[in-house]
Amino acid sequence: MRVVLFVLGLLFSADGLYCAAVNYMGTGEAIIVAIGIIFILWSSFYDAAKEKLFLRFLKRLFVFAMTVLVLYSGAICALGTMDDSTYNEDYLVVLGAGLNGNSPSPVLKKRLEKAVEYLSVNDSATVIVSGGQGKGETISEALAMENYLVSNGVSDDRIILETESTSTYENFEFSAPVLDGSVVFITNEFHVVRASLMAELNGIDASHISAPTPIVMLPVSCAREAAAQIASIRYYI
């Protein structure tokens, strides 16, 4: 069991550090690295964690938190894949995500691939690319998304840039004034549930299309999403 815990610790730590190297050390990355360190410590103090009351309590608390995180992540990803687009909407909103300099990150690239696919089917839709310029980014996410879409055959006269938003709530808040018809948004499966709630809070009745998340990015993305959902409570109240 010690070996299993140690290997899990290495895998989680390596995944968090890899994602931090690809993007930056954000909340999700830090959570995954922390989980890895806890697994390694658990393996190192395995016997003590069974005997000492305080360490037993911490172990059980950690197991409970991990169980909640795994169940939550599984539920939101499963619900997120239940696409309900008619592929006949007037507007497509592509939600921003991190960049690598001025290029889409692997997570954002998956959203854009779905957007190209959608726009090739629905050739009358207007696309809104929504996202401001974040930490470590040389241009706005919206501009990077426009560049990707244009380079993949989408005419720039179909694209509207929203370059001020810094959160999912603001993605919809700042896009809402432009919307005058039916709406579909694209994001990754782990993000669909919260994005749908943010759209609803802004009075937008939107369907959705989910993009798959690269498997190596999924643990970090789900950890970040759990933290973001907690932080989003302020919008619900």
# chains A, B, ... in the order shown; residues from 1 in each chain; ligands from 1

call {"tool": "select_by_dssp", "arguments": {"residues": "region 116-217 of chain A", "states": "strand (DSSP E or B)", "output": "ChimeraX atom specification"}}
result
/A:126-130,137,159-162,183-188,206-211

call {"tool": "select_by_dssp", "arguments": {"residues": "region 20-228 of chain A", "states": "helix (DSSP H, G or I)", "output": "number ranges by chain"}}
result
A: 20-22, 27-44, 46-51, 53-80, 106-121, 141-151, 156-158, 168-178, 189-201, 215-228

call {"tool": "closest_residue", "arguments": {"among": "A:Cys19, A:Val70, A:Leu119, A:Ala34", "to": "Asn152 (chain A)", "atoms": "only C-alpha atoms"}}
result
A:Leu119

call {"tool": "residues_around", "arguments": {"residues": "region 158-164 of chain A", "least_positions_apart": "2", "cutoff": "6 Å", "atoms": "only C-alpha atoms", "output": "list in words"}}
result
Thr126, Val127, Ile128, Val129, Ser130, Gly131, Gly132, Ala142, Ser155 and Asp156 of chain A

call {"tool": "residues_around", "arguments": {"residues": "Ile32 (chain A)", "least_positions_apart": "4", "cutoff": "12 Å", "atoms": "only C-alpha atoms", "output": "PyMOL selection string"}}
result
chain A and resi 8-20+25-28+36-39+66+69+216-224+226-227

call {"tool": "atom_distance", "arguments": {"atom1": "CA of His191 (chain A)", "atom2": "CA of Val7 (chain A)"}}
result
28.6 Å

call {"tool": "residues_around", "arguments": {"residues": "Lys135 (chain A)", "least_positions_apart": "4", "cutoff": "10 Å", "atoms": "only C-alpha atoms", "output": "mmCIF file with all heavy atoms, in the first residue's frame"}}
result
data_model
loop_
_atom_site.group_PDB
_atom_site.id
_atom_site.type_symbol
_atom_site.label_atom_id
_atom_site.label_comp_id
_atom_site.auth_asym_id
_atom_site.auth_seq_id
_atom_site.Cartn_x
_atom_site.Cartn_y
_atom_site.Cartn_z
ATOM 1 N N ASN A 23 0.841 25.975 -18.757
ATOM 2 C CA ASN A 23 0.101 27.214 -18.573
ATOM 3 C C ASN A 23 0.802 28.072 -17.522
ATOM 4 O O ASN A 23 1.736 28.781 -17.804
ATOM 5 C CB ASN A 23 -1.346 26.914 -18.173
ATOM 6 C CG ASN A 23 -2.104 26.188 -19.259
ATOM 7 O OD1 ASN A 23 -2.174 26.651 -20.376
ATOM 8 N ND2 ASN A 23 -2.685 25.051 -18.933
ATOM 9 N N TYR A 24 0.339 27.987 -16.276
ATOM 10 C CA TYR A 24 0.957 28.670 -15.147
ATOM 11 C C TYR A 24 0.467 27.992 -13.878
ATOM 12 O O TYR A 24 -0.466 27.180 -13.912
ATOM 13 C CB TYR A 24 0.616 30.169 -15.139
ATOM 14 C CG TYR A 24 -0.867 30.456 -15.018
ATOM 15 C CD1 TYR A 24 -1.471 30.647 -13.778
ATOM 16 C CD2 TYR A 24 -1.678 30.528 -16.154
ATOM 17 C CE1 TYR A 24 -2.824 30.893 -13.668
ATOM 18 C CE2 TYR A 24 -3.032 30.774 -16.057
ATOM 19 C CZ TYR A 24 -3.603 30.968 -14.801
ATOM 20 O OH TYR A 24 -4.943 31.202 -14.701
ATOM 21 N N GLY A 26 -1.707 27.877 -11.338
ATOM 22 C CA GLY A 26 -2.967 28.419 -10.870
ATOM 23 C C GLY A 26 -3.541 27.591 -9.740
ATOM 24 O O GLY A 26 -2.892 26.701 -9.190
ATOM 25 N N GLY A 98 -7.103 29.738 -20.870
ATOM 26 C CA GLY A 98 -5.733 30.221 -20.883
ATOM 27 C C GLY A 98 -5.038 30.113 -22.233
ATOM 28 O O GLY A 98 -5.384 29.291 -23.076
ATOM 29 N N LEU A 99 -4.029 30.968 -22.401
ATOM 30 C CA LEU A 99 -3.190 30.947 -23.598
ATOM 31 C C LEU A 99 -1.774 30.541 -23.217
ATOM 32 O O LEU A 99 -1.355 30.680 -22.070
ATOM 33 C CB LEU A 99 -3.135 32.341 -24.246
ATOM 34 C CG LEU A 99 -4.447 33.023 -24.610
ATOM 35 C CD1 LEU A 99 -4.144 34.397 -25.208
ATOM 36 C CD2 LEU A 99 -5.252 32.176 -25.573
ATOM 37 N N GLY A 101 1.310 32.129 -24.206
ATOM 38 C CA GLY A 101 1.774 33.322 -24.921
ATOM 39 C C GLY A 101 0.645 33.934 -25.706
ATOM 40 O O GLY A 101 -0.262 34.530 -25.151
#

call {"tool": "atom_distance", "arguments": {"atom1": "CA of Val150 (chain A)", "atom2": "CA of Glu113 (chain A)"}}
result
12.0 Å

call {"tool": "atom_distance", "arguments": {"atom1": "CA of Val192 (chain A)", "atom2": "CA of Asp83 (chain A)"}}
result
9.4 Å

call {"tool": "residues_around", "arguments": {"residues": "Pro177 (chain A)", "least_positions_apart": "4", "cutoff": "12 Å", "atoms": "only C-alpha atoms", "output": "ChimeraX atom specification"}}
result
/A:128,160,162,170-173,181,202-204

call {"tool": "write_last_selection", "arguments": {"atoms": "N, CA and C atoms", "output": "compact mmCIF listing (two decimals), in the first residue's frame"}}
result
# COMPACT_ATOMS: atom_id res chain seq x y z
N ILE A 128 -19.21 34.75 -31.20
CA ILE A 128 -18.62 35.69 -30.25
C ILE A 128 -17.51 34.97 -29.50
N ILE A 160 -17.23 38.28 -33.63
CA ILE A 160 -17.29 39.45 -32.75
C ILE A 160 -16.37 39.18 -31.55
N GLU A 162 -15.09 39.88 -27.77
CA GLU A 162 -15.39 40.42 -26.43
C GLU A 162 -14.11 40.26 -25.63
N GLU A 170 -18.63 37.02 -16.39
CA GLU A 170 -18.42 38.17 -17.26
C GLU A 170 -18.44 37.79 -18.74
N ASN A 171 -18.04 36.55 -19.07
CA ASN A 171 -18.16 36.09 -20.46
C ASN A 171 -19.58 36.33 -20.97
N PHE A 172 -20.55 35.95 -20.16
CA PHE A 172 -21.96 36.10 -20.57
C PHE A 172 -22.47 37.52 -20.34
N GLU A 173 -22.04 38.14 -19.25
CA GLU A 173 -22.50 39.51 -18.96
C GLU A 173 -22.10 40.47 -20.07
N GLY A 181 -31.09 36.75 -30.41
CA GLY A 181 -31.59 35.54 -31.05
C GLY A 181 -31.18 34.33 -30.23
N ASN A 202 -27.43 35.63 -16.18
CA ASN A 202 -27.39 36.81 -17.03
C ASN A 202 -28.59 36.90 -17.97
N GLY A 203 -29.59 36.05 -17.74
CA GLY A 203 -30.81 36.11 -18.53
C GLY A 203 -30.67 35.54 -19.92
N ILE A 204 -29.69 34.68 -20.13
CA ILE A 204 -29.45 34.09 -21.44
C ILE A 204 -29.88 32.63 -21.44

call {"tool": "closest_residue", "arguments": {"among": "A:Asn88, A:Ser44, A:Gln229, A:Ser140", "to": "Val183 (chain A)", "atoms": "only C-alpha atoms"}}
result
A:Asn88

call {"tool": "decode", "arguments": {"residues": "region 82-221 of chain A", "atoms": "C-alpha atoms", "output": "CSV table (one decimal), in the first residue's frame"}}
result
chain,number,residue,atom,x,y,z
A,82,MET,CA,-25.1,16.0,-22.7
A,83,ASP,CA,-25.1,18.4,-25.6
A,84,ASP,CA,-28.4,20.0,-26.6
A,85,SER,CA,-27.6,22.2,-29.5
A,86,THR,CA,-29.8,22.2,-32.6
A,87,TYR,CA,-26.9,23.4,-34.8
A,88,ASN,CA,-29.3,26.1,-36.0
A,89,GLU,CA,-28.7,28.9,-33.4
A,90,ASP,CA,-28.1,32.5,-34.3
A,91,TYR,CA,-25.1,33.0,-32.1
A,92,LEU,CA,-22.3,30.9,-30.9
A,93,VAL,CA,-20.3,32.0,-27.9
A,94,VAL,CA,-16.9,30.4,-27.4
A,95,LEU,CA,-15.8,30.8,-23.8
A,96,GLY,CA,-12.1,31.8,-23.2
A,97,ALA,CA,-9.4,29.8,-21.4
A,98,GLY,CA,-5.7,30.2,-20.9
A,99,LEU,CA,-3.2,30.9,-23.6
A,100,ASN,CA,0.4,29.9,-24.1
A,101,GLY,CA,1.8,33.3,-24.9
A,102,ASN,CA,-0.4,34.2,-27.8
A,103,SER,CA,-1.6,30.7,-28.8
A,104,PRO,CA,-4.5,28.7,-27.4
A,105,SER,CA,-3.7,26.3,-24.6
A,106,PRO,CA,-4.6,22.6,-25.2
A,107,VAL,CA,-7.9,23.1,-23.3
A,108,LEU,CA,-8.9,26.2,-25.3
A,109,LYS,CA,-7.8,24.6,-28.6
A,110,LYS,CA,-10.4,21.8,-28.0
A,111,ARG,CA,-13.1,24.4,-27.7
A,112,LEU,CA,-12.0,26.1,-30.9
A,113,GLU,CA,-11.9,22.8,-32.8
A,114,LYS,CA,-15.6,22.3,-31.8
A,115,ALA,CA,-16.3,25.9,-32.9
A,116,VAL,CA,-14.9,25.3,-36.4
A,117,GLU,CA,-16.9,22.1,-36.6
A,118,TYR,CA,-20.1,23.9,-35.6
A,119,LEU,CA,-19.6,26.9,-37.9
A,120,SER,CA,-19.0,24.6,-40.9
A,121,VAL,CA,-22.4,23.1,-40.2
A,122,ASN,CA,-24.3,26.3,-39.3
A,123,ASP,CA,-22.9,28.7,-41.9
A,124,SER,CA,-25.3,31.6,-40.8
A,125,ALA,CA,-24.3,31.8,-37.2
A,126,THR,CA,-22.3,34.7,-35.7
A,127,VAL,CA,-19.6,33.7,-33.3
A,128,ILE,CA,-18.6,35.7,-30.2
A,129,VAL,CA,-15.2,34.9,-28.9
A,130,SER,CA,-15.1,35.9,-25.2
A,131,GLY,CA,-12.1,36.4,-23.0
A,132,GLY,CA,-9.8,39.1,-21.8
A,133,GLN,CA,-6.0,39.1,-21.3
A,134,GLY,CA,-4.9,37.1,-18.3
A,135,LYS,CA,-1.8,36.5,-16.4
A,136,GLY,CA,1.1,35.5,-18.6
A,137,GLU,CA,-0.8,36.2,-21.8
A,138,THR,CA,0.5,38.6,-24.4
A,139,ILE,CA,-2.8,39.2,-26.1
A,140,SER,CA,-6.5,38.8,-25.2
A,141,GLU,CA,-8.0,35.3,-25.3
A,142,ALA,CA,-10.6,36.6,-27.7
A,143,LEU,CA,-8.0,37.8,-30.2
A,144,ALA,CA,-6.1,34.5,-30.0
A,145,MET,CA,-9.4,32.7,-30.6
A,146,GLU,CA,-10.2,34.9,-33.6
A,147,ASN,CA,-6.8,34.2,-35.1
A,148,TYR,CA,-7.3,30.5,-34.7
A,149,LEU,CA,-10.8,30.6,-36.3
A,150,VAL,CA,-9.6,32.7,-39.2
A,151,SER,CA,-6.6,30.5,-39.8
A,152,ASN,CA,-9.1,27.5,-40.0
A,153,GLY,CA,-11.3,29.0,-42.6
A,154,VAL,CA,-13.8,31.1,-40.6
A,155,SER,CA,-14.5,34.5,-42.1
A,156,ASP,CA,-13.6,37.4,-39.8
A,157,ASP,CA,-16.9,39.1,-40.7
A,158,ARG,CA,-18.7,36.4,-38.7
A,159,ILE,CA,-16.6,37.0,-35.6
A,160,ILE,CA,-17.3,39.5,-32.7
A,161,LEU,CA,-14.6,40.0,-30.1
A,162,GLU,CA,-15.4,40.4,-26.4
A,163,THR,CA,-12.0,41.3,-24.8
A,164,GLU,CA,-12.9,42.5,-21.3
A,165,SER,CA,-14.2,39.5,-19.4
A,166,THR,CA,-12.1,37.8,-16.7
A,167,SER,CA,-14.6,35.2,-15.5
A,168,THR,CA,-17.3,32.9,-16.8
A,169,TYR,CA,-20.0,35.2,-15.4
A,170,GLU,CA,-18.4,38.2,-17.3
A,171,ASN,CA,-18.2,36.1,-20.5
A,172,PHE,CA,-22.0,36.1,-20.6
A,173,GLU,CA,-22.5,39.5,-19.0
A,174,PHE,CA,-20.4,41.3,-21.5
A,175,SER,CA,-21.6,39.2,-24.5
A,176,ALA,CA,-25.3,39.6,-23.6
A,177,PRO,CA,-25.8,43.1,-25.2
A,178,VAL,CA,-24.8,41.7,-28.6
A,179,LEU,CA,-27.1,38.7,-28.5
A,180,ASP,CA,-30.4,39.0,-30.3
A,181,GLY,CA,-31.6,35.5,-31.1
A,182,SER,CA,-31.0,31.9,-30.1
A,183,VAL,CA,-27.6,31.1,-28.4
A,184,VAL,CA,-25.3,28.2,-28.0
A,185,PHE,CA,-22.0,28.2,-26.2
A,186,ILE,CA,-19.0,26.0,-26.4
A,187,THR,CA,-16.7,25.0,-23.5
A,188,ASN,CA,-15.1,21.9,-22.1
A,189,GLU,CA,-17.3,19.2,-20.5
A,190,PHE,CA,-16.1,20.0,-16.9
A,191,HIS,CA,-17.1,23.6,-17.3
A,192,VAL,CA,-20.6,23.2,-18.9
A,193,VAL,CA,-22.6,23.0,-15.7
A,194,ARG,CA,-21.3,26.2,-14.2
A,195,ALA,CA,-21.3,28.0,-17.5
A,196,SER,CA,-25.0,27.1,-18.0
A,197,LEU,CA,-25.7,28.6,-14.5
A,198,MET,CA,-23.8,31.8,-15.3
A,199,ALA,CA,-25.7,32.2,-18.6
A,200,GLU,CA,-29.0,31.8,-16.8
A,201,LEU,CA,-28.0,34.4,-14.2
A,202,ASN,CA,-27.4,36.8,-17.0
A,203,GLY,CA,-30.8,36.1,-18.5
A,204,ILE,CA,-29.4,34.1,-21.4
A,205,ASP,CA,-31.3,30.9,-22.5
A,206,ALA,CA,-28.4,29.0,-24.1
A,207,SER,CA,-27.9,25.5,-25.3
A,208,HIS,CA,-24.4,24.1,-25.2
A,209,ILE,CA,-21.8,21.9,-27.0
A,210,SER,CA,-19.0,20.3,-25.0
A,211,ALA,CA,-15.4,19.9,-26.0
A,212,PRO,CA,-13.3,17.1,-24.7
A,213,THR,CA,-10.5,17.9,-22.3
A,214,PRO,CA,-7.0,16.4,-22.9
A,215,ILE,CA,-6.8,13.7,-20.3
A,216,VAL,CA,-3.6,15.0,-18.7
A,217,MET,CA,-5.3,18.3,-18.1
A,218,LEU,CA,-8.5,16.8,-16.7
A,219,PRO,CA,-7.5,16.5,-13.0
A,220,VAL,CA,-6.2,20.0,-12.8
A,221,SER,CA,-9.2,21.3,-14.7
